[in-house]
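Here is structure_9.cif, consisting of mmCIF, C-alpha atoms:
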data_entry
#
loop_
_atom_site.label_atom_id
_atom_site.label_comp_id
_atom_site.auth_asym_id
_atom_site.auth_seq_id
_atom_site.Cartn_x
_atom_site.Cartn_y
_atom_site.Cartn_z
CA ARG W 1 -12.56 -3.77 -3.23
CA SER W 2 -10.19 -0.82 -3.45
CA ARG W 3 -7.16 -0.95 -1.18
CA ILE W 4 -5.33 2.16 -0.03
CA LYS W 5 -1.75 2.05 1.21
CA THR W 6 -0.54 4.19 4.10
CA TYR W 7 2.86 4.70 2.40
CA SER W 8 4.59 3.75 5.60
CA ALA W 9 6.08 0.32 4.95
CA GLU W 10 6.02 -0.40 8.68
CA VAL W 11 2.35 0.45 9.15
CA ASP W 12 1.33 -1.29 5.92
CA GLU W 13 3.04 -4.42 7.23
CA LEU W 14 1.25 -4.03 10.55
CA LEU W 15 -2.10 -3.78 8.75
CA GLY W 16 -1.42 -6.72 6.48
CA GLY W 17 -1.10 -4.48 3.46
CA ASP W 18 -3.38 -1.46 3.54
CA PHE W 19 -6.78 0.01 4.30
CA ARG W 20 -9.75 -1.51 2.50
CA ALA W 21 -12.78 0.14 0.95
CA GLY W 22 -15.82 -0.25 3.18
CA GLU W 23 -13.84 -0.08 6.43
CA LEU W 24 -14.19 2.34 9.33
CA VAL W 25 -10.77 2.58 10.96
CA GLU W 26 -9.99 4.43 14.19
CA MET W 27 -6.56 6.07 14.47
CA PHE W 28 -5.91 7.44 17.94
CA GLY W 29 -3.01 8.95 19.82
CA ALA W 30 -1.82 11.90 21.86
CA PRO W 31 -1.93 15.41 20.37
CA GLY W 32 1.23 16.12 18.39
CA ILE W 33 1.96 12.46 17.56
CA GLY W 34 1.37 13.17 13.85
CA LYS W 35 -2.06 11.72 13.03
CA THR W 36 -3.03 14.61 10.75
CA GLY W 37 0.28 14.52 8.89
CA PHE W 38 -0.01 10.76 8.48
CA CYS W 39 -3.48 11.00 6.91
CA ALA W 40 -2.54 14.01 4.79
CA ARG W 41 0.33 11.97 3.35
CA ILE W 42 -2.09 9.17 2.47
CA CYS W 43 -4.40 11.65 0.70
CA VAL W 44 -1.55 12.97 -1.43
CA LEU W 45 0.49 9.87 -2.16
CA ALA W 46 -2.51 7.65 -2.91
CA GLN W 47 -3.09 9.86 -5.93
CA MET W 48 0.53 10.40 -6.94
CA GLN W 49 1.60 6.77 -6.64
CA GLY W 50 -1.50 5.04 -7.96
CA SER W 51 -3.06 3.52 -4.85
CA VAL W 52 -6.35 4.94 -6.18
CA PRO W 53 -7.35 5.98 -9.74
CA SER W 54 -6.08 9.44 -10.69
CA ASP W 55 -9.63 10.85 -10.79
CA SER W 56 -10.46 9.62 -7.28
CA LYS W 57 -11.75 12.04 -4.66
CA VAL W 58 -10.95 12.41 -0.98
CA LEU W 59 -13.21 14.15 1.52
CA TYR W 60 -11.33 15.63 4.47
CA VAL W 61 -13.45 16.70 7.45
CA THR W 62 -11.46 18.86 9.85
CA ASP W 63 -11.85 21.33 12.68
CA ASN W 64 -8.99 23.47 11.31
CA SER W 65 -9.21 23.85 7.54
CA THR W 66 -6.42 26.44 7.28
CA SER W 67 -3.85 24.22 8.96
CA THR W 68 -5.01 21.18 6.96
CA VAL W 69 -4.64 23.01 3.63
CA GLU W 70 -1.12 24.09 4.56
CA THR W 71 -0.17 20.54 5.57
CA LEU W 72 -1.60 19.02 2.38
CA ARG W 73 0.17 21.55 0.15
CA THR W 74 3.49 21.08 1.97
CA ILE W 75 3.35 17.31 1.53
CA ALA W 76 2.18 17.51 -2.10
CA THR W 77 4.95 19.98 -2.97
CA TYR W 78 7.61 17.85 -1.31
CA ALA W 79 6.35 14.66 -2.98
CA ALA W 80 6.23 16.30 -6.41
CA LYS W 81 9.83 17.47 -6.08
CA ARG W 82 11.00 14.08 -4.83
CA GLU W 83 9.35 12.28 -7.74
CA LYS W 84 10.40 14.98 -10.22
CA ALA W 85 6.77 15.38 -11.27
CA ALA W 86 5.37 18.33 -13.20
CA PRO W 87 4.60 21.28 -10.88
CA GLU W 88 0.93 21.30 -11.86
CA ILE W 89 0.45 17.89 -10.24
CA VAL W 90 0.34 19.63 -6.85
CA ASP W 91 -2.79 21.59 -7.78
CA ASN W 92 -4.30 18.55 -9.50
CA VAL W 93 -3.90 16.49 -6.34
CA LEU W 94 -5.28 19.22 -4.09
CA ASP W 95 -8.25 19.75 -6.44
CA ASN W 96 -9.27 16.15 -5.74
CA ILE W 97 -9.36 16.71 -1.98
CA GLY W 98 -12.56 18.30 -0.71
CA LEU W 99 -12.40 20.06 2.65
CA VAL W 100 -15.27 20.40 5.11
CA SER W 101 -14.69 22.47 8.25
CA ILE W 102 -16.81 21.45 11.26
CA GLN W 103 -16.24 22.79 14.77
CA ASP W 104 -19.52 22.05 16.54
CA ALA W 105 -21.38 18.90 17.56
CA ALA W 106 -24.64 19.51 15.67
CA PRO W 107 -23.17 19.79 12.15
CA LEU W 108 -20.85 16.85 12.77
CA LEU W 109 -23.70 14.63 13.97
CA SER W 110 -25.62 15.53 10.80
CA LEU W 111 -22.63 14.61 8.59
CA PRO W 112 -23.83 11.03 7.87
CA LEU W 113 -27.11 12.39 6.48
CA PHE W 114 -25.19 14.84 4.28
CA LEU W 115 -22.89 12.10 3.01
CA ASP W 116 -25.72 9.69 2.33
CA GLN W 117 -28.17 12.04 0.65
CA SER W 118 -26.23 14.97 -0.76
CA TYR W 119 -22.59 14.04 -1.31
CA LEU W 120 -21.63 10.44 -2.05
CA PRO W 121 -24.44 9.67 -4.55
CA PHE W 122 -23.15 12.60 -6.64
CA HIS W 123 -19.42 11.98 -6.07
CA PRO W 124 -18.99 8.26 -6.76
CA GLN W 125 -15.24 8.73 -7.31
CA THR W 126 -14.79 9.27 -3.56
CA LYS W 127 -12.50 6.54 -2.23
CA LEU W 128 -11.41 7.93 1.13
CA ILE W 129 -12.95 10.04 3.92
CA ILE W 130 -10.88 11.49 6.75
CA LEU W 131 -12.59 12.53 9.99
CA ASP W 132 -9.74 14.49 11.56
CA ASN W 133 -9.96 15.10 15.32
CA PHE W 134 -13.68 14.33 15.27
CA ASN W 135 -13.66 14.00 19.04
CA SER W 136 -13.09 17.74 19.55
CA SER W 137 -16.60 18.60 18.34
CA LEU W 138 -18.20 15.83 20.41
CA HIS W 139 -16.34 16.35 23.68
CA VAL W 140 -19.24 18.02 25.51
CA ARG W 141 -19.36 17.50 29.29
CA ASP W 142 -21.78 18.40 32.07
CA ALA W 143 -20.86 19.87 35.47
CA ASN W 144 -19.91 16.40 36.75
CA GLY W 145 -17.52 15.79 33.88
CA ASN W 146 -19.76 13.29 32.07
CA ASN W 147 -19.98 13.40 28.29
CA THR W 148 -23.56 14.33 27.40
CA LEU W 149 -23.36 12.99 23.84
CA LEU W 150 -22.25 9.38 24.34
CA GLY W 151 -25.47 7.88 22.97
CA LYS W 152 -25.37 10.15 19.93
CA ILE W 153 -21.68 9.40 19.36
CA GLY W 154 -22.44 5.68 19.14
CA ARG W 155 -25.23 6.25 16.62
CA PHE W 156 -23.00 8.62 14.65
CA LEU W 157 -20.23 6.03 14.34
CA GLN W 158 -22.69 3.28 13.39
CA GLN W 159 -24.08 5.51 10.65
CA VAL W 160 -20.59 6.28 9.36
CA SER W 161 -19.74 2.56 9.36
CA ARG W 162 -22.87 1.80 7.34
CA ILE W 163 -22.02 4.54 4.84
CA ALA W 164 -18.46 3.23 4.46
CA ASN W 165 -19.79 -0.23 3.63
CA THR W 166 -22.64 0.98 1.40
CA TYR W 167 -20.52 3.28 -0.74
CA LYS W 168 -17.34 1.21 -0.50
CA VAL W 169 -15.18 4.01 0.81
CA ALA W 170 -12.47 3.78 3.45
CA VAL W 171 -13.13 6.06 6.43
CA LEU W 172 -10.30 7.00 8.80
CA ALA W 173 -11.52 8.52 12.08
CA LEU W 174 -8.79 10.33 14.03
CA ASN W 175 -9.24 10.46 17.79
CA SER W 176 -7.24 11.71 20.77
CA VAL W 177 -6.49 9.81 23.97
CA ARG W 178 -7.50 10.44 27.56
CA GLU W 179 -5.03 12.34 29.73
CA ASP W 180 -5.85 10.26 32.81
CA VAL W 181 -5.67 6.85 31.09
CA PRO W 182 -2.87 6.58 28.50
CA SER W 183 -3.54 4.46 25.40
CA THR W 184 -7.31 4.87 25.86
CA PRO W 185 -9.31 6.82 23.25
CA ILE W 186 -10.98 9.99 24.46
CA PHE W 187 -14.40 8.28 24.62
CA GLY W 188 -13.04 5.15 26.29
CA ASP W 189 -13.57 1.68 24.86
CA SER W 190 -17.35 1.95 24.47
CA PHE W 191 -17.29 2.05 20.68
CA ASN W 192 -14.43 -0.32 19.85
CA HIS W 193 -16.81 -2.88 18.33
CA ILE W 194 -17.99 -0.40 15.70
CA PHE W 195 -14.55 0.03 14.13
CA ASN W 196 -13.25 -2.57 11.69
CA ARG W 197 -9.70 -1.89 12.83
CA ARG W 198 -7.98 0.39 15.32
CA ILE W 199 -4.47 1.85 15.19
CA GLU W 200 -2.85 3.55 18.16
CA PHE W 201 0.03 6.00 17.65
CA PHE W 202 2.28 6.51 20.66
CA PHE W 203 5.80 7.39 21.78
CA ASP W 204 7.71 4.42 23.16
CA SER W 205 9.96 4.54 26.23
CA ASN W 206 12.79 5.93 24.09
CA GLY W 207 10.67 8.69 22.59
CA ARG W 208 10.32 6.99 19.20
CA ARG W 209 7.03 7.15 17.32
CA SER W 210 5.38 3.76 17.20
CA ALA W 211 2.12 2.23 16.02
CA ARG W 212 0.05 -0.45 17.71
CA PHE W 213 -2.57 -2.35 15.73
CA HIS W 214 -5.59 -3.45 17.78
CA ARG W 215 -7.17 -6.35 15.92
CA GLU W 216 -9.93 -6.98 18.44
CA THR W 217 -10.98 -5.27 21.64
CA PHE W 218 -9.66 -7.94 24.00
CA SER W 219 -6.77 -9.38 22.00
CA ASN W 220 -3.09 -8.56 22.34
CA ALA W 221 -2.06 -5.72 20.06
CA ALA W 222 0.79 -5.97 17.57
CA SER W 223 3.25 -3.06 17.69
CA ILE W 224 5.95 -1.69 15.43
CA GLU W 225 8.20 1.36 15.32
CA TYR W 226 7.63 3.59 12.32
CA PRO W 227 8.92 6.91 11.01
CA LEU W 228 6.29 9.64 10.89
CA SER W 229 6.99 13.23 9.96
CA VAL W 230 5.54 16.00 7.84
CA PRO W 231 8.16 16.67 5.15
CA GLN W 232 9.26 20.21 4.58
CA ALA W 233 9.17 21.61 1.06
#

Let me see the structure of the file written as structure tokens.
Amino acid sequence: RSRIKTYSAEVDELLGGDFRAGELVEMFGAPGIGKTGFCARICVLAQMQGSVPSDSKVLYVTDNSTSTVETLRTIATYAAKREKAAPEIVDNVLDNIGLVSIQDAAPLLSLPLFLDQSYLPFHPQTKLIILDNFNSSLHVRDANGNNTLLGKIGRFLQQVSRIANTYKVAVLALNSVREDVPSTPIFGDSFNHIFNRRIEFFFDSNGRRSARFHRETFSNAASIEYPLSVPQA
């Protein structure tokens, strides 16, 4: 199976090496912790540094395509300069990243059907799918504050997990945390069993960015400090 590095030595060590094809991985943390920048860096560097074949494709599903494009280009430009690569490599890398903008629940819940019937069979080079901030489209509450889509969210994640395994792609699902219960994903712990692995990003007591790897729902999590920033071109 393909293996995709995070290009953070600390997080790769925490994971035991990398992400694996066929996995559905949850990455959750407070807004502003750097989840989008972290995944954008993976999309770019996996191509530039050979973690995936040069003709591999990435599908990036986001609720803010303009911001995502800017982040990807910034990271690709910085990486190309650092590695003294030809300028055209930036456009080559970005050409291999497909962007899908989804801001509502209905189109997001239909995404597995699109992937299974219309996209992945015709794009077999796809090695990585990013579901950035997927919770924002599914955070629909009634007058009592209860999420009205919990049952559909569970089925959605199970479908995505099946697709990851069937097509041997790594899927990274980015999620926020609850304001009232720190270190708890926005939908609680109801769906932990669906994810192959879970990574929590958080600020430690000294304000340093850290990562916590949750191996199993009820096991102690391993933690490590790691540097995470979006480089400036």

Residues within 10 Å of W:Ala21, all atoms listed in the file, excluding chain neighbours under 4 positions, as number ranges by chain: W: 1-4, 127-128, 164-171

For atom CA of W:Asn192 and atom CA of W:Cys39, the interatomic separation in Å (one decimal):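 Pair atom CA of W:Asn192 / atom CA of W:Cys39 returns 20.4 Å.
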
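Using only C-alpha atoms, the shortest contact distance between W:Gly151 and any of W:Asn64, W:Asp180, W:Val93, W:Phe187 is found at W:Phe187.
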
Among listed residues W:Glu70, W:Phe213, W:Arg178, W:Val100, nearest W:Asn196 (using all atoms listed in the file): W:Phe213

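The environment of W:Ala80 within 12 Å, counting all atoms listed in the file and disregarding residues fewer than 6 places along the same chain, consists of W:Val44, W:Leu45, W:Gln47, W:Met48, W:Gln49, W:Arg73, W:Thr74, W:Ala86, W:Pro87, W:Glu88, W:Ile89, W:Val90, W:Asp91, W:Asn92, W:Val93, W:Pro231, W:Ala233.
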
Residue nearest W:Gly22 among W:Tyr78, W:Tyr7, W:Phe202, W:Phe195 (counting all atoms listed in the file): W:Phe195

Shortest interatomic distance to W:Asp55 - which of W:Ala173, W:Ile97, W:Ala9, W:Ala30, counting all atoms listed in the file: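 Checking each of W:Ala173, W:Ile97, W:Ala9, W:Ala30 against W:Asp55, counting all atoms listed in the file, the winner is W:Ile97.
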
Selected residue, from W:Glu179, W:Glu83, W:Asp132, W:Asp116, that lies nearest to W:Ser101 when counting only C-alpha atoms: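 So, comparing all the options, the nearest one is W:Asp132.
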
Spatial neighbours of W:Arg198, 10 Å, all atoms listed in the file, chain gap at least 2 places, as a ChimeraX atom specification: /W:15,24-28,172-173,192-193,195-196,200,212-217,221

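In this structure, atom CA of W:Asn133 sits 5.3 Å away from atom CA of W:Asn175.
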
Counting all atoms listed in the file, the option among W:Phe38, W:Phe201, W:Phe19, W:Tyr60 closest to W:Ile129: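 Nearest candidate to W:Ile129 out of W:Phe38, W:Phe201, W:Phe19, W:Tyr60: W:Tyr60.
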
Distance in Å - atom CA of W:Gly37 versus atom CA of W:Leu99: 15.2 Å

Expected answer as a list of chain:residue names: all residues with atoms within 7 Å of (-12.8, 8.0, 22.3), only C-alpha atoms: W:Asn135, W:Asn175, W:Ser176, W:Val177, W:Pro185, W:Ile186, W:Phe187, W:Gly188, W:Asp189
